[in-house]
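This report concerns only the one structure given below.
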Amino acid sequence: MSTLCKRRLSCAALAFAAAACAHAQSAPAEAYPARPIRFVVPSTAGGAGDIFARTIGQALSAKFGKPVVVDNRPGANGIVGCELVARSAPDGYTLLMGNSAWFVINPNLYAKLPYDAVADFAPVNLGVVYGYVLVVHPSVPAANVQELIALAKARPGQLTFGSTGLGAVNHLAGEMFKSMTGTNLTHVPYKGSSAALADVLAGQASLMFDTPITSVPQIRAGKLRALGITLARRSSLLPEVATLNELGLKGYEVNSWQAVLVPAGTPRAIVERLNTAIVEALKSPDVIDRLVTQGGNEIVGPPPAPFALQIRDELARYARLIKTVGLRLE
């Protein structure tokens, strides 16, 4: 065989290998999904995260023509479910309903976690965010945020704020408020939102940072007074209530988010296909009605890269706050 023929055969072999490699890289996305997808929710059925997962899961099932099965794995403040997904095969068939408490607070709150919030997961889509509304009992003599700050400074330690538990997002919202205003509020942790809200409604606690979806009916009924929103922009449920940033607490922002993630190492093509399908779902009137109108969320849905950067930024921001407060759990 001539040298020229050998060179041509060699080039042909290299071209074939390159084509085969390209096909192998694109094949997972082209064939995906070929079987049912498991959507792990590290909380109990019926909660906000479960509703988000089931809503998005139904949309993905309709889009892909394959079942999306929601698998509730509650326990240890979300750690059980997150670890399960972190240890799953990175093939796109195990999704995680993640939220900010598990990804940017837990890593700063617990001395040790069985997973790395950044290294063990690939963000797919930041679906929705929701903020908190600062509400006070009508008996509290403060008609606005500045009056509340003045009152708290005049009565150090006498005003109490309820939360859904030590290290919860609305607990940290209160701690950030204290830090930025130089006030001394007494934190009272409860076992869940309903217990905390009940005591604020009864006047047993002075105030709390509550989700708009649960506080709006009480605000409309005159049983609570809304002073500010913790989001960077106003809530669609309470457009008349200004953000705390607008009200003088420059840079104040606390929110909770619900998102879709997969194990690290999942092929990029699959991540992008999932992201595209979720963005499409979040534009559906039915999904908007369930998550926004009924759920009190704000739809975000950015591509994976900015979401990954947001996780890193929030990890650093909450690290500083939690260190200042001196919180640590084993």
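By convention here, the chains of the structure tokens are called A, B, ... in the order presented, each chain's residues are numbered starting at 1, and ligands are numbered starting at 1 in the order presented.
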
Long-range neighbours of A:Pro67 as a PyMOL selection string, 10 Å cut-off, only C-alpha atoms, 3 positions minimum in chain: chain A and resi 33+35-38+57-58+60-62+64+70

Got a sec: who's within 6 Å of A:Pro263, counting only C-alpha atoms, leaving out chain neighbours fewer than 2 positions off, as a JSON list (two decimals) with N, CA and C atoms, in the first residue's frame?
[["chain", "number", "residue", "atom", "x", "y", "z"],
["A", 86, "ALA", "N", -27.25, 13.61, 45.28],
["A", 86, "ALA", "CA", -25.80, 13.80, 45.08],
["A", 86, "ALA", "C", -25.10, 12.49, 44.77],
["A", 90, "PRO", "N", -25.28, 10.38, 37.32],
["A", 90, "PRO", "CA", -25.46, 11.65, 36.62],
["A", 90, "PRO", "C", -25.94, 11.43, 35.18],
["A", 121, "PHE", "N", -23.51, 19.06, 42.63],
["A", 121, "PHE", "CA", -24.74, 19.28, 41.87],
["A", 121, "PHE", "C", -24.49, 20.16, 40.66],
["A", 122, "ALA", "N", -25.33, 19.97, 39.65],
["A", 122, "ALA", "CA", -25.32, 20.84, 38.48],
["A", 122, "ALA", "C", -26.66, 21.57, 38.45]]

Hey, what's within 10 Å of A:Pro302 if we count only C-alpha atoms and toss same-chain stuff fewer than 3 positions away? As a ChimeraX atom specification, please? /A:124-128,275-276,278-279,299,305-307

Among the residues A:Lys283, A:Ile213, A:Tyr110, A:Lys191, the one that comes closest to A:Lys323 [using only C-alpha atoms]: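 Using only C-alpha atoms, the shortest distance to A:Lys323 belongs to A:Tyr110.
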
What lies within 10 Å of A:Met176 using only C-alpha atoms, ignoring chain neighbours under 6 positions off, as an NGL selection string? :A and (170 or 182 or 252-254 or 318 or 321-322 or 324-325)

Hey, can you spit out that residue selection with C-alpha atoms as an mmCIF file, in the first residue's frame?
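Output file again18.cif follows:
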data_model
loop_
_atom_site.group_PDB
_atom_site.id
_atom_site.type_symbol
_atom_site.label_atom_id
_atom_site.label_comp_id
_atom_site.auth_asym_id
_atom_site.auth_seq_id
_atom_site.Cartn_x
_atom_site.Cartn_y
_atom_site.Cartn_z
ATOM 1 C CA ASN A 170 -37.211 34.094 57.997
ATOM 2 C CA GLY A 182 -28.661 48.373 64.968
ATOM 3 C CA TYR A 252 -31.391 44.451 52.114
ATOM 4 C CA GLU A 253 -32.608 41.364 50.260
ATOM 5 C CA VAL A 254 -33.746 38.003 51.607
ATOM 6 C CA TYR A 318 -25.161 33.983 54.379
ATOM 7 C CA LEU A 321 -24.495 36.764 58.439
ATOM 8 C CA ILE A 322 -24.483 33.365 60.180
ATOM 9 C CA THR A 324 -22.122 37.384 62.883
ATOM 10 C CA VAL A 325 -25.132 35.794 64.572
#
